[in-house]
Amino acid sequence: MEPISTPINYLPIIIQIAVALGFVAFTMLLTHLIGPKRKTTDVKLTAFESGIEVVGNARQPFSIKYFVVAILFVLFDVEVIFMYPWAVNFRQFGLNGLIEMFVFMGTLLLGFIYVVKKKALDWD
């Protein structure tokens, strides 16, 4: 017979959540009240780049090709990570695992062919 779940069974969880939220609120309030007060000045609000003076605007446009190559690298790199567990358990998977990996590799190859055909990796 399955025990009946009543609201009183959840009381310890509710108490734990209330104590945790109370601790967070108390700690934030206490640090706000007794913590150091600092003025913000123009010097403090300027960007700091490892001690190098900032020159020009950081919002300069540059080629989208950089982002495309970066995203493609991450995409294919993550896909290669899926091959490591398969290679470790290659013998356990048998012929079925080999066929599935060929399907996976074929899908990757089709994606790579698509990327090459679209000339996404060509730098002008």
# chains A, B, ... in the order shown; residues from 1 in each chain; ligands from 1
$ select_by_dssp --residues "range 12-114 of chain A" --states "helix (DSSP H, G or I)" --output "VMD selection string"
chain A and resid 12 to 34 42 to 45 65 to 81 83 to 88 90 to 114
$ atom_distance --atom1 "CA of Leu110 in chain A" --atom2 "CA of Glu79 in chain A"
13.2 Å
$ atom_distance --atom1 "CA of Val68 in chain A" --atom2 "CA of Ile52 in chain A"
29.5 Å
$ residues_around --residues "Ala120 in chain A" --least-positions-apart "2" --cutoff "12 Å" --atoms "only C-alpha atoms" --output "number ranges by chain"
A: 64-73, 111-118, 122-124
$ closest_residue --among "A:Leu109, A:Ile8, A:Ala18, A:Ala47" --to "Phe76 in chain A" --atoms "only C-alpha atoms"
A:Leu109
$ atom_distance --atom1 "CA of Ile15 in chain A" --atom2 "CA of Leu30 in chain A"
21.9 Å
